[in-house]
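Listing of work23.cif; format and content: mmCIF, C-alpha atoms.
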```
data_data
#
loop_
_atom_site.label_atom_id
_atom_site.label_comp_id
_atom_site.auth_asym_id
_atom_site.auth_seq_id
_atom_site.Cartn_x
_atom_site.Cartn_y
_atom_site.Cartn_z
CA MET Q 1 117.67 124.77 54.44
CA THR Q 2 119.44 125.08 57.80
CA THR Q 3 122.56 122.95 58.11
CA ASP Q 4 123.67 121.07 61.22
CA PRO Q 5 126.53 123.54 61.92
CA GLU Q 6 124.08 126.44 61.61
CA ARG Q 7 121.69 124.81 64.09
CA LEU Q 8 124.59 124.19 66.50
CA LEU Q 9 125.71 127.87 66.26
CA THR Q 10 122.13 129.05 66.86
CA TYR Q 11 121.86 126.76 69.91
CA ALA Q 12 125.24 128.00 71.23
CA HIS Q 13 124.12 131.61 70.81
CA GLY Q 14 121.03 130.81 72.87
CA LEU Q 15 123.17 129.34 75.65
CA LYS Q 16 125.31 132.49 75.66
CA GLY Q 17 122.23 134.56 76.43
CA MET Q 18 121.13 132.24 79.26
CA SER Q 19 122.03 133.26 82.80
CA ARG Q 20 124.39 131.02 84.75
CA ARG Q 21 121.68 130.42 87.35
CA ARG Q 22 119.13 129.33 84.74
CA PHE Q 23 121.68 127.09 83.05
CA LEU Q 24 122.67 125.38 86.33
CA THR Q 25 119.04 125.07 87.43
CA GLY Q 26 118.03 123.53 84.11
CA SER Q 27 120.99 121.17 84.17
CA ALA Q 28 120.18 120.08 87.72
CA LEU Q 29 116.53 119.45 86.86
CA GLY Q 30 117.55 117.48 83.77
CA LEU Q 31 119.96 115.37 85.81
CA ALA Q 32 117.33 114.79 88.51
CA LEU Q 33 114.80 113.69 85.88
CA ALA Q 34 117.31 111.36 84.21
CA THR Q 35 118.29 109.89 87.59
CA ASP Q 36 114.65 109.48 88.58
CA LEU Q 37 113.83 107.73 85.32
CA PHE Q 38 116.81 105.41 85.77
CA VAL Q 39 115.94 104.61 89.39
CA THR Q 40 112.28 104.17 88.48
CA ARG Q 41 113.18 101.75 85.68
CA GLN Q 42 115.47 99.75 87.98
CA ILE Q 43 112.86 99.44 90.72
CA GLN Q 44 110.05 98.68 88.31
CA GLU Q 45 112.09 95.92 86.66
CA ALA Q 46 112.90 94.43 90.07
CA ARG Q 47 109.15 94.03 90.62
CA GLU Q 48 108.35 92.21 87.42
CA GLU Q 49 107.92 88.93 89.29
CA PHE Q 50 104.88 88.28 91.46
CA THR Q 51 105.93 88.07 95.12
CA ILE Q 52 104.30 87.00 98.38
CA ILE Q 53 105.66 89.44 100.95
CA PRO Q 54 105.86 88.25 104.58
CA VAL Q 55 104.94 90.67 107.37
CA GLU Q 56 106.69 89.62 110.55
CA ASP Q 57 104.97 89.39 113.92
CA GLU Q 58 106.68 87.51 116.74
CA TYR Q 59 103.47 86.31 118.37
CA ALA Q 60 101.84 85.10 115.16
CA ASP Q 61 105.04 83.53 113.84
CA ALA Q 62 105.47 81.51 117.04
CA THR Q 63 101.81 80.68 117.72
CA PHE Q 64 100.32 80.00 114.28
CA PRO Q 65 103.11 78.63 112.06
CA ASN Q 66 100.69 76.87 109.70
CA ALA Q 67 97.99 79.55 109.34
CA ARG Q 68 98.05 82.66 107.12
CA TRP Q 69 96.14 85.87 106.66
CA ILE Q 70 96.95 86.98 103.10
CA LEU Q 71 96.17 90.52 101.99
CA PHE Q 72 95.12 91.11 98.38
CA PRO Q 73 95.84 94.83 97.86
CA GLY Q 74 93.48 97.15 96.04
CA TYR Q 75 93.65 99.00 92.73
CA LYS Q 76 96.88 100.99 92.23
CA THR Q 77 98.27 99.88 95.61
CA SER Q 78 102.06 99.56 95.78
CA TRP Q 79 103.93 96.80 97.60
CA GLU Q 80 104.85 99.29 100.33
CA GLU Q 81 101.28 100.45 100.85
CA GLY Q 82 100.12 96.83 100.95
CA VAL Q 83 102.57 96.17 103.79
CA TRP Q 84 101.42 99.39 105.47
CA ILE Q 85 97.80 98.21 105.29
CA MET Q 86 98.73 94.83 106.75
CA ASN Q 87 100.72 96.46 109.54
CA SER Q 88 97.69 98.63 110.34
CA LEU Q 89 95.64 95.44 110.81
CA ARG Q 90 98.45 93.40 112.36
CA PRO Q 91 97.42 93.85 116.04
CA VAL Q 92 94.17 92.02 115.25
CA LEU Q 93 94.94 89.65 112.37
CA SER Q 94 98.06 88.33 114.13
CA ARG Q 95 95.77 86.81 116.77
CA ARG Q 96 94.67 84.19 114.26
CA ALA Q 97 97.53 83.65 111.80
CA ARG Q 98 100.85 84.74 110.37
CA LEU Q 99 100.70 87.55 107.83
CA ALA Q 100 101.59 88.05 104.15
CA VAL Q 101 100.84 90.49 101.33
CA MET Q 102 100.40 89.81 97.63
CA GLY Q 103 102.93 91.80 95.58
CA TYR Q 104 101.43 92.01 92.08
CA SER Q 105 103.82 91.88 89.13
CA ASN Q 106 104.53 95.08 87.18
CA ARG Q 107 104.10 93.04 84.01
CA GLY Q 108 100.37 93.02 84.70
CA LEU Q 109 97.76 91.17 86.70
CA ASP Q 110 97.88 87.42 86.01
CA ILE Q 111 95.55 85.28 88.12
CA SER Q 112 97.06 81.99 86.94
CA THR Q 113 100.49 83.11 88.16
CA ILE Q 114 99.00 84.14 91.52
CA VAL Q 115 97.24 80.79 91.95
CA GLY Q 116 100.33 78.78 90.95
CA SER Q 117 102.61 80.77 93.25
CA LEU Q 118 100.17 80.49 96.12
CA ARG Q 119 99.91 76.70 95.72
CA ARG Q 120 103.70 76.43 95.94
CA TYR Q 121 103.71 78.78 98.93
CA ILE Q 122 101.09 76.67 100.72
CA ARG Q 123 103.10 73.52 100.08
CA THR Q 124 106.53 74.85 101.06
CA GLN Q 125 105.24 76.72 104.11
CA GLN Q 126 103.07 73.75 105.18
CA ILE Q 127 100.00 75.97 105.53
CA ASP Q 128 96.81 74.28 106.66
CA THR Q 129 94.57 77.32 107.33
CA LEU Q 130 94.04 80.21 104.93
CA TYR Q 131 92.31 83.53 105.51
CA PHE Q 132 92.05 86.16 102.75
CA TYR Q 133 91.66 89.92 103.25
CA GLY Q 134 90.42 91.57 100.05
CA HIS Q 135 91.23 95.28 100.07
CA SER Q 136 88.85 97.02 97.63
CA PHE Q 137 89.40 95.49 94.15
CA GLY Q 138 91.61 92.91 95.92
CA GLY Q 139 88.40 91.29 97.16
CA MET Q 140 87.49 90.38 93.59
CA VAL Q 141 90.90 88.76 93.12
CA ALA Q 142 90.64 86.98 96.48
CA VAL Q 143 87.31 85.40 95.52
CA GLU Q 144 88.57 84.17 92.15
CA VAL Q 145 91.78 82.81 93.67
CA ALA Q 146 89.80 81.02 96.40
CA SER Q 147 87.49 79.53 93.77
CA ARG Q 148 90.42 78.27 91.69
CA LEU Q 149 92.20 76.85 94.73
CA ARG Q 150 89.02 74.98 95.62
CA GLU Q 151 89.17 73.27 92.21
CA VAL Q 152 92.45 71.61 93.28
CA GLY Q 153 91.23 70.68 96.76
CA ILE Q 154 92.47 73.69 98.75
CA ASP Q 155 89.84 75.49 100.80
CA VAL Q 156 90.09 79.06 102.06
CA ARG Q 157 88.56 79.28 105.53
CA PHE Q 158 87.45 82.92 105.45
CA ILE Q 159 87.42 85.89 103.04
CA LEU Q 160 86.97 89.43 104.32
CA LEU Q 161 85.85 91.88 101.63
CA ASP Q 162 86.76 95.46 102.48
CA SER Q 163 84.57 97.76 100.35
CA SER Q 164 85.02 95.41 97.37
CA PRO Q 165 82.92 95.85 94.21
CA HIS Q 166 81.22 92.66 93.03
CA ASP Q 167 81.18 93.91 89.43
CA ARG Q 168 82.24 96.97 87.44
CA PHE Q 169 78.89 98.70 87.90
CA ASP Q 170 79.64 99.08 91.60
CA VAL Q 171 82.47 101.47 90.67
CA ILE Q 172 81.03 104.97 90.95
CA ASP Q 173 83.35 106.88 88.61
CA GLN Q 174 82.55 104.93 85.45
CA ALA Q 175 83.76 107.52 82.93
CA MET Q 176 87.39 107.68 84.12
CA PHE Q 177 87.44 103.93 84.79
CA ASP Q 178 86.16 103.04 81.32
CA GLY Q 179 88.73 105.34 79.72
CA VAL Q 180 91.64 103.53 81.38
CA VAL Q 181 90.32 100.17 80.15
CA TYR Q 182 89.75 101.48 76.61
CA LEU Q 183 93.34 102.74 76.37
CA TYR Q 184 94.74 99.46 77.75
CA GLU Q 185 92.78 97.21 75.42
CA ALA Q 186 93.63 99.43 72.46
CA GLY Q 187 97.31 98.87 73.22
CA TYR Q 188 98.12 102.26 74.76
CA ARG Q 189 100.12 102.55 77.98
CA VAL Q 190 99.70 105.66 80.15
CA PRO Q 191 103.04 107.45 80.84
CA THR Q 192 103.94 107.91 84.50
CA VAL Q 193 103.82 111.73 84.45
CA LEU Q 194 100.41 111.74 82.77
CA ARG Q 195 99.23 109.17 85.29
CA GLY Q 196 100.24 111.52 88.10
CA SER Q 197 98.04 114.25 86.62
CA TYR Q 198 95.21 111.74 86.22
CA GLU Q 199 95.58 110.69 89.86
CA LEU Q 200 95.41 114.29 91.04
CA ALA Q 201 92.29 114.99 88.97
CA GLU Q 202 90.61 111.80 90.15
CA ARG Q 203 91.30 112.56 93.78
CA ILE Q 204 90.14 116.17 93.49
CA VAL Q 205 86.85 114.88 92.07
CA HIS Q 206 86.54 112.75 95.22
CA LYS Q 207 87.96 115.42 97.54
CA ASN Q 208 85.14 114.96 100.03
CA GLU Q 209 86.44 111.48 100.69
CA ARG Q 210 89.98 112.62 101.53
CA THR Q 211 91.79 115.43 103.23
CA TRP Q 212 94.00 117.60 101.02
CA SER Q 213 97.01 116.10 102.75
CA GLN Q 214 95.87 112.62 101.70
CA ILE Q 215 95.21 113.85 98.15
CA VAL Q 216 98.77 115.16 97.87
CA ASP Q 217 100.27 112.02 99.47
CA GLN Q 218 98.36 109.65 97.20
CA THR Q 219 99.10 111.66 94.05
CA LEU Q 220 102.83 111.84 94.78
CA GLU Q 221 102.79 108.13 95.56
CA GLN Q 222 101.79 107.42 91.95
CA LEU Q 223 104.80 109.43 90.75
CA SER Q 224 107.16 107.56 93.05
CA PRO Q 225 109.54 104.93 91.65
CA LEU Q 226 107.80 102.54 94.07
CA ALA Q 227 104.41 102.99 92.42
CA PRO Q 228 102.86 100.12 90.43
CA SER Q 229 103.58 100.25 86.71
CA SER Q 230 101.03 101.68 84.29
CA VAL Q 231 100.72 98.22 82.75
CA LEU Q 232 99.74 96.72 86.12
CA ILE Q 233 97.24 99.50 86.86
CA GLN Q 234 95.61 99.29 83.44
CA SER Q 235 95.42 95.48 83.64
CA GLN Q 236 93.74 95.79 87.03
CA ALA Q 237 91.16 98.16 85.53
CA SER Q 238 90.54 95.69 82.70
CA TYR Q 239 90.13 92.89 85.25
CA ILE Q 240 87.45 94.84 87.12
CA PHE Q 241 85.73 95.76 83.86
CA HIS Q 242 85.36 92.11 82.78
CA TYR Q 243 84.79 90.56 86.21
CA ASN Q 244 81.89 88.08 86.35
CA VAL Q 245 81.26 86.84 89.87
CA ALA Q 246 78.89 84.14 88.57
CA ARG Q 247 81.91 82.18 87.27
CA PHE Q 248 83.19 81.43 90.77
CA SER Q 249 82.20 78.94 93.43
CA LEU Q 250 83.30 78.94 97.06
CA GLY Q 251 81.43 75.99 98.52
CA SER Q 252 80.15 75.58 102.05
CA SER Q 253 83.61 75.45 103.67
CA THR Q 254 84.45 79.10 102.90
CA GLU Q 255 82.81 81.91 104.85
CA LEU Q 256 82.54 85.40 103.46
CA ALA Q 257 82.14 88.76 105.23
CA PHE Q 258 81.64 92.22 103.73
CA ILE Q 259 82.52 95.47 105.49
CA GLY Q 260 82.13 98.94 104.07
CA ASN Q 261 80.83 102.46 104.49
CA PRO Q 262 77.61 104.03 103.14
CA ASN Q 263 79.58 107.24 102.51
CA ASP Q 264 82.00 105.47 100.15
CA GLY Q 265 82.51 107.61 97.04
CA THR Q 266 84.57 105.05 95.12
CA VAL Q 267 82.51 101.85 95.36
CA ASP Q 268 78.74 102.00 95.72
CA TYR Q 269 78.01 100.45 99.12
CA ALA Q 270 74.29 100.23 98.30
CA THR Q 271 74.90 97.88 95.35
CA ALA Q 272 78.14 96.08 96.29
CA ARG Q 273 76.81 94.76 99.60
CA PRO Q 274 73.65 93.06 98.22
CA GLY Q 275 75.61 92.03 95.12
CA TRP Q 276 77.96 89.84 97.14
CA ALA Q 277 75.04 88.52 99.20
CA ALA Q 278 73.19 87.44 96.06
CA ALA Q 279 76.31 85.88 94.53
CA PHE Q 280 77.20 83.78 97.61
CA PRO Q 281 74.08 83.34 99.75
CA ASP Q 282 75.45 80.20 101.41
CA SER Q 283 78.85 81.68 102.21
CA LEU Q 284 78.10 85.23 103.35
CA VAL Q 285 77.97 85.29 107.15
CA SER Q 286 78.19 89.06 107.79
CA ALA Q 287 77.49 92.22 105.80
CA ASP Q 288 76.30 94.65 108.48
CA LEU Q 289 79.54 95.97 109.98
CA ILE Q 290 80.35 99.55 108.97
CA THR Q 291 83.67 101.38 109.18
CA GLU Q 292 81.89 104.38 110.67
CA GLY Q 293 83.99 107.52 110.95
CA ALA Q 294 86.70 106.37 108.52
CA LEU Q 295 88.14 109.07 106.28
CA PRO Q 296 88.42 108.37 103.44
CA PRO Q 297 85.39 106.08 103.72
CA HIS Q 298 86.67 103.67 101.07
CA ALA Q 299 88.93 100.77 102.12
CA SER Q 300 91.29 102.78 104.33
CA PRO Q 301 92.68 100.72 107.25
CA GLN Q 302 96.06 102.41 106.79
CA TRP Q 303 94.49 105.82 107.50
CA ASN Q 304 92.03 104.60 110.17
CA PRO Q 305 93.67 101.64 111.96
CA LEU Q 306 91.67 101.78 115.19
CA ILE Q 307 88.31 101.85 113.39
CA TYR Q 308 89.24 98.89 111.21
CA GLN Q 309 90.83 96.92 114.02
CA ALA Q 310 87.60 97.15 116.03
CA VAL Q 311 85.50 95.89 113.08
CA VAL Q 312 87.90 93.05 112.22
CA ARG Q 313 88.21 92.04 115.87
CA GLU Q 314 84.42 91.67 116.08
CA LEU Q 315 84.40 89.46 112.99
CA GLN Q 316 87.19 87.25 114.27
CA GLN Q 317 85.61 86.81 117.67
CA GLU Q 318 82.31 85.73 116.13
CA PHE Q 319 83.41 83.66 113.15
CA LEU Q 320 87.05 82.66 113.59
CA PRO Q 321 87.83 80.61 116.67
CA ILE Q 322 91.52 80.06 117.35
CA PRO Q 323 92.63 77.82 114.42
CA THR Q 324 93.24 74.16 115.06
CA GLY Q 325 94.12 73.20 111.45
CA GLY Q 326 92.29 71.36 108.69
CA ALA Q 327 91.00 74.24 106.56
CA VAL Q 328 93.12 73.09 103.63
CA LYS Q 329 91.87 69.64 102.67
CA SER Q 330 94.73 68.67 100.44
CA ILE Q 331 97.82 70.12 98.84
CA SER Q 332 98.63 69.33 95.27
#
```
Can the structure in the file be given as structure tokens, please?
Amino acid sequence: MTTDPERLLTYAHGLKGMSRRRFLTGSALGLALATDLFVTRQIQEAREEFTIIPVEDEYADATFPNARWILFPGYKTSWEEGVWIMNSLRPVLSRRARLAVMGYSNRGLDISTIVGSLRRYIRTQQIDTLYFYGHSFGGMVAVEVASRLREVGIDVRFILLDSSPHDRFDVIDQAMFDGVVYLYEAGYRVPTVLRGSYELAERIVHKNERTWSQIVDQTLEQLSPLAPSSVLIQSQASYIFHYNVARFSLGSSTELAFIGNPNDGTVDYATARPGWAAAFPDSLVSADLITEGALPPHASPQWNPLIYQAVVRELQQEFLPIPTGGAVKSIS
């Protein structure tokens, strides 16, 4: 049996044979990893509370103090990318309302917390007109939140669904998606480094949707301290997996529009579009506008701002006259 002193002497002998350069390089990498893990933990913990993030615009802030466009970010979207997406749409959306982004909690997706926080936000900000922008999976959340707000007398004026699946079968890559849900519901949490490898593999599979530069950017983003936690990402996957659009009601006061791209390799445009139309036949006012030329084709206003701005501008001009108030019937 090897004693502790013997193990220590063996380890010391190994260090003696290691070059100074290798020793310093290894020490530096170890320190960088330890620092990164510490910073990551600090940032992740700071994002454990759900937050509604304001996006400033002087014109909107002065002209529409009581109206809001609220962005519900998509699957695996960080707070920073959510703000980036909103800023990409800001030249158009700011012509109808002030702007805000949902910052999901790293503890996991909790719709009740979102609804409760939004009710308080509406009350304290004296909001009387609500517009929701559902970015990819965020469209599913936006519809449920609007339905639950309606139950307490708060109506959402308009919901824009950007390439949003209406159920899990609209998600094209079922095998990878199902695996994430299985691990989550079995109690396993995916480590950050492993998640980075998963992200790279997933994006290579869909390389025709993205440039290699975008693949690298999006993979590194998931390894960043700013990335959503694994718990949040897995809970989002579980939410999509169990989503049942038939449980929600929007009523006649909420209008719904779907935009997308037939070349979408993430969400099946051919099934998502009619799926939403069948679920809300009285609310859907537009489903024909296409983000033609966008790369990647799936929910990418941050990469293709001019294409998305043109589509959203057309929707606003046709369906959203300058707000005069009254979309929210009561605040409780």
Produce a table with one row for each residue of region 276-324 of chain Q that has an atom at most 12 Å from any atom of region 120-133 of chain Q, each row naming the nearest atom pair and its distance in Å at one decimal; use all atoms listed in the file; arrange rows by chain and rising residue number; format as JSON lines.
```
{"residue": "Q:Ala299", "atom": "CA", "partner": "Q:Tyr133", "partner_atom": "CA", "distance": 11.2}
{"residue": "Q:Pro301", "atom": "CA", "partner": "Q:Tyr133", "partner_atom": "CA", "distance": 11.6}
{"residue": "Q:Val312", "atom": "CA", "partner": "Q:Tyr133", "partner_atom": "CA", "distance": 10.2}
{"residue": "Q:Gln316", "atom": "CA", "partner": "Q:Tyr131", "partner_atom": "CA", "distance": 10.8}
{"residue": "Q:Phe319", "atom": "CA", "partner": "Q:Tyr131", "partner_atom": "CA", "distance": 11.7}
{"residue": "Q:Leu320", "atom": "CA", "partner": "Q:Tyr131", "partner_atom": "CA", "distance": 9.7}
{"residue": "Q:Pro321", "atom": "CA", "partner": "Q:Thr129", "partner_atom": "CA", "distance": 12.0}
{"residue": "Q:Ile322", "atom": "CA", "partner": "Q:Thr129", "partner_atom": "CA", "distance": 10.8}
{"residue": "Q:Pro323", "atom": "CA", "partner": "Q:Thr129", "partner_atom": "CA", "distance": 7.4}
{"residue": "Q:Thr324", "atom": "CA", "partner": "Q:Thr129", "partner_atom": "CA", "distance": 8.5}
```
Next item on the list: Rank Q:Trp303, Q:Glu314, Q:Ser136, Q:Ser238 by their smallest atom-to-atom distance to Tyr269 (chain Q), using only C-alpha atoms, and report the top residue only.
Entry: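 Result for the nearest residue to Tyr269 (chain Q): Q:Ser136.
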Check: Leaving out Gly134 (chain Q) and any residue of its chain fewer than 2 positions from it, which residues lie within 12 Å of it when counting all atoms listed in the file, given as a PyMOL selection string?
Finding: chain Q and resi 69-75+82+85-86+101-102+131-132+136-146+158-166+256-260+299+301
Check: Mind pulling up the distance from CA of Asp57 (chain Q) to CA of Pro91 (chain Q)?
Finding: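 Going from CA of Pro91 (chain Q) over to CA of Asp57 (chain Q) covers 9.0 Å.
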Checklist line | region 108-117 of chain Q surroundings by all atoms listed in the file, 7 Å radius, close-in-sequence under 2 positions cut, as a list in words | finding: Tyr104, Ser105, Asn106, Arg119, Arg120, Tyr121, Val145, Leu149, Val231, Leu232, Ser235 and Gln236 of chain Q
File of the preceding selection, C-alpha atoms, as an mmCIF file, in the frame of the given file:
```cif
data_model
loop_
_atom_site.group_PDB
_atom_site.id
_atom_site.type_symbol
_atom_site.label_atom_id
_atom_site.label_comp_id
_atom_site.auth_asym_id
_atom_site.auth_seq_id
_atom_site.Cartn_x
_atom_site.Cartn_y
_atom_site.Cartn_z
ATOM 1 C CA TYR Q 104 101.430 92.010 92.080
ATOM 2 C CA SER Q 105 103.820 91.880 89.130
ATOM 3 C CA ASN Q 106 104.530 95.080 87.180
ATOM 4 C CA ARG Q 119 99.910 76.700 95.720
ATOM 5 C CA ARG Q 120 103.700 76.430 95.940
ATOM 6 C CA TYR Q 121 103.710 78.780 98.930
ATOM 7 C CA VAL Q 145 91.780 82.810 93.670
ATOM 8 C CA LEU Q 149 92.200 76.850 94.730
ATOM 9 C CA VAL Q 231 100.720 98.220 82.750
ATOM 10 C CA LEU Q 232 99.740 96.720 86.120
ATOM 11 C CA SER Q 235 95.420 95.480 83.640
ATOM 12 C CA GLN Q 236 93.740 95.790 87.030
#
```
Notebook entry, point to check: Can you list what the PyMOL selection byres ((chain Q and resi 261) around 6) grabs from this structure, as an NGL selection string?
Noted result: :Q and (260 or 262-264 or 290-291 or 297)
Note to self: For the PyMOL selection byres ((chain Q and resi 244) around 12), applied here, can you spell out every residue it catches as a list in words?
What the structure shows: Met140, Val141, Val143, Glu144, Pro165, His166, Asp167, Arg168, Phe169, Tyr239, Ile240, Phe241, His242, Tyr243, Val245, Ala246, Arg247, Phe248, Ser249, Gly275, Trp276 and Ala279 of chain Q
Based on the selection just made, write C-alpha atoms of those residues as a PDB file, in the frame of the given file.
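Output (selection10.pdb):
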```pdb
ATOM      1  CA  MET Q 140      87.490  90.380  93.590  1.00  0.00           C
ATOM      2  CA  VAL Q 141      90.900  88.760  93.120  1.00  0.00           C
ATOM      3  CA  VAL Q 143      87.310  85.400  95.520  1.00  0.00           C
ATOM      4  CA  GLU Q 144      88.570  84.170  92.150  1.00  0.00           C
ATOM      5  CA  PRO Q 165      82.920  95.850  94.210  1.00  0.00           C
ATOM      6  CA  HIS Q 166      81.220  92.660  93.030  1.00  0.00           C
ATOM      7  CA  ASP Q 167      81.180  93.910  89.430  1.00  0.00           C
ATOM      8  CA  ARG Q 168      82.240  96.970  87.440  1.00  0.00           C
ATOM      9  CA  PHE Q 169      78.890  98.700  87.900  1.00  0.00           C
ATOM     10  CA  TYR Q 239      90.130  92.890  85.250  1.00  0.00           C
ATOM     11  CA  ILE Q 240      87.450  94.840  87.120  1.00  0.00           C
ATOM     12  CA  PHE Q 241      85.730  95.760  83.860  1.00  0.00           C
ATOM     13  CA  HIS Q 242      85.360  92.110  82.780  1.00  0.00           C
ATOM     14  CA  TYR Q 243      84.790  90.560  86.210  1.00  0.00           C
ATOM     15  CA  VAL Q 245      81.260  86.840  89.870  1.00  0.00           C
ATOM     16  CA  ALA Q 246      78.890  84.140  88.570  1.00  0.00           C
ATOM     17  CA  ARG Q 247      81.910  82.180  87.270  1.00  0.00           C
ATOM     18  CA  PHE Q 248      83.190  81.430  90.770  1.00  0.00           C
ATOM     19  CA  SER Q 249      82.200  78.940  93.430  1.00  0.00           C
ATOM     20  CA  GLY Q 275      75.610  92.030  95.120  1.00  0.00           C
ATOM     21  CA  TRP Q 276      77.960  89.840  97.140  1.00  0.00           C
ATOM     22  CA  ALA Q 279      76.310  85.880  94.530  1.00  0.00           C
TER      23      ALA Q 279
END
```
Next item on the list: Convert the output of the PyMOL selection byres ((chain Q and resi 58) around 12) on the shown file into explicit residues, formatted as a PyMOL selection string.
Entry: chain Q and resi 55-57+59-65+90-91+94-95+97-99
Notebook entry, point to check: Using only C-alpha atoms, which of Q:Gln234, Q:Val92, Q:Val181, Q:Ser229 sits nearest Val311 (chain Q)?
Noted result: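 With only C-alpha atoms as the atom set, the closest residue is Q:Val92.
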Next item on the list: Take CA of Val171 (chain Q) and CA of Arg273 (chain Q) and report the distance between them in Å, one decimal.
Entry: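 Computing it gives 12.5 Å between the two atoms.
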Item checked: Residue nearest Gln302 (chain Q) among Q:Ile53, Q:Val83, Q:Ala100, Q:Val152 (counting all atoms listed in the file) ->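 For Gln302 (chain Q), the nearest of the given residues is Q:Val83.
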Item checked: Atom pair CA of Ser286 (chain Q) / CA of Gln317 (chain Q): separation (Å) ->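 Separating CA of Ser286 (chain Q) from CA of Gln317 (chain Q) is a distance of 12.6 Å.
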Return the padded bounding box of region 251-261 of chain Q as lines of an AutoDock Vina configuration file: axis-aligned, built from all atoms listed in the file, 6 Å added on each side, with centre and edge lengths in Å to one decimal.
```
center_x = 82.3
center_y = 89.0
center_z = 102.0
size_x = 16.3
size_y = 39.0
size_z = 19.0
```
Checklist line | Q:Leu226, Q:Leu295, Q:Asn87, Q:Pro281 ranked by distance to Gln42 (chain Q), top pick (using all atoms listed in the file) | finding: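 Selected residue with least distance to Gln42 (chain Q): Q:Leu226.
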Note to self: Could you check the closest approach to Gln174 (chain Q) for each of Q:Pro228, Q:Pro296, Q:Gly251, Q:Gly265 and tell me which residue wins, using only C-alpha atoms?
What the structure shows: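 Closest residue, counting only C-alpha atoms: Q:Gly265.
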Would you mind writing region 235-239 of chain Q with all heavy atoms, as a compact mmCIF listing (two decimals), in the coordinates of the input?
```txt
# COMPACT_ATOMS: atom_id res chain seq x y z
N SER Q 235 95.91 96.87 83.65
CA SER Q 235 95.42 95.48 83.64
C SER Q 235 94.46 95.24 84.79
O SER Q 235 93.51 94.46 84.65
CB SER Q 235 96.60 94.50 83.70
OG SER Q 235 97.26 94.54 84.96
N GLN Q 236 94.67 95.90 85.91
CA GLN Q 236 93.74 95.79 87.03
C GLN Q 236 92.38 96.39 86.66
O GLN Q 236 91.32 95.81 86.96
CB GLN Q 236 94.30 96.51 88.26
CG GLN Q 236 95.49 95.82 88.90
CD GLN Q 236 96.09 96.63 90.02
OE1 GLN Q 236 95.93 97.85 90.09
NE2 GLN Q 236 96.82 95.97 90.91
N ALA Q 237 92.41 97.53 85.98
CA ALA Q 237 91.16 98.16 85.53
C ALA Q 237 90.42 97.24 84.57
O ALA Q 237 89.19 97.09 84.65
CB ALA Q 237 91.45 99.50 84.87
N SER Q 238 91.16 96.61 83.66
CA SER Q 238 90.54 95.69 82.70
C SER Q 238 89.93 94.49 83.43
O SER Q 238 88.85 94.01 83.07
CB SER Q 238 91.59 95.22 81.69
OG SER Q 238 91.03 94.32 80.77
N TYR Q 239 90.63 94.03 84.47
CA TYR Q 239 90.13 92.89 85.25
C TYR Q 239 88.78 93.24 85.89
O TYR Q 239 87.83 92.45 85.84
CB TYR Q 239 91.14 92.53 86.33
CG TYR Q 239 90.74 91.38 87.22
CD1 TYR Q 239 90.90 90.05 86.81
CD2 TYR Q 239 90.19 91.61 88.47
CE1 TYR Q 239 90.53 88.99 87.62
CE2 TYR Q 239 89.82 90.55 89.30
CZ TYR Q 239 89.99 89.25 88.87
OH TYR Q 239 89.60 88.20 89.68
```
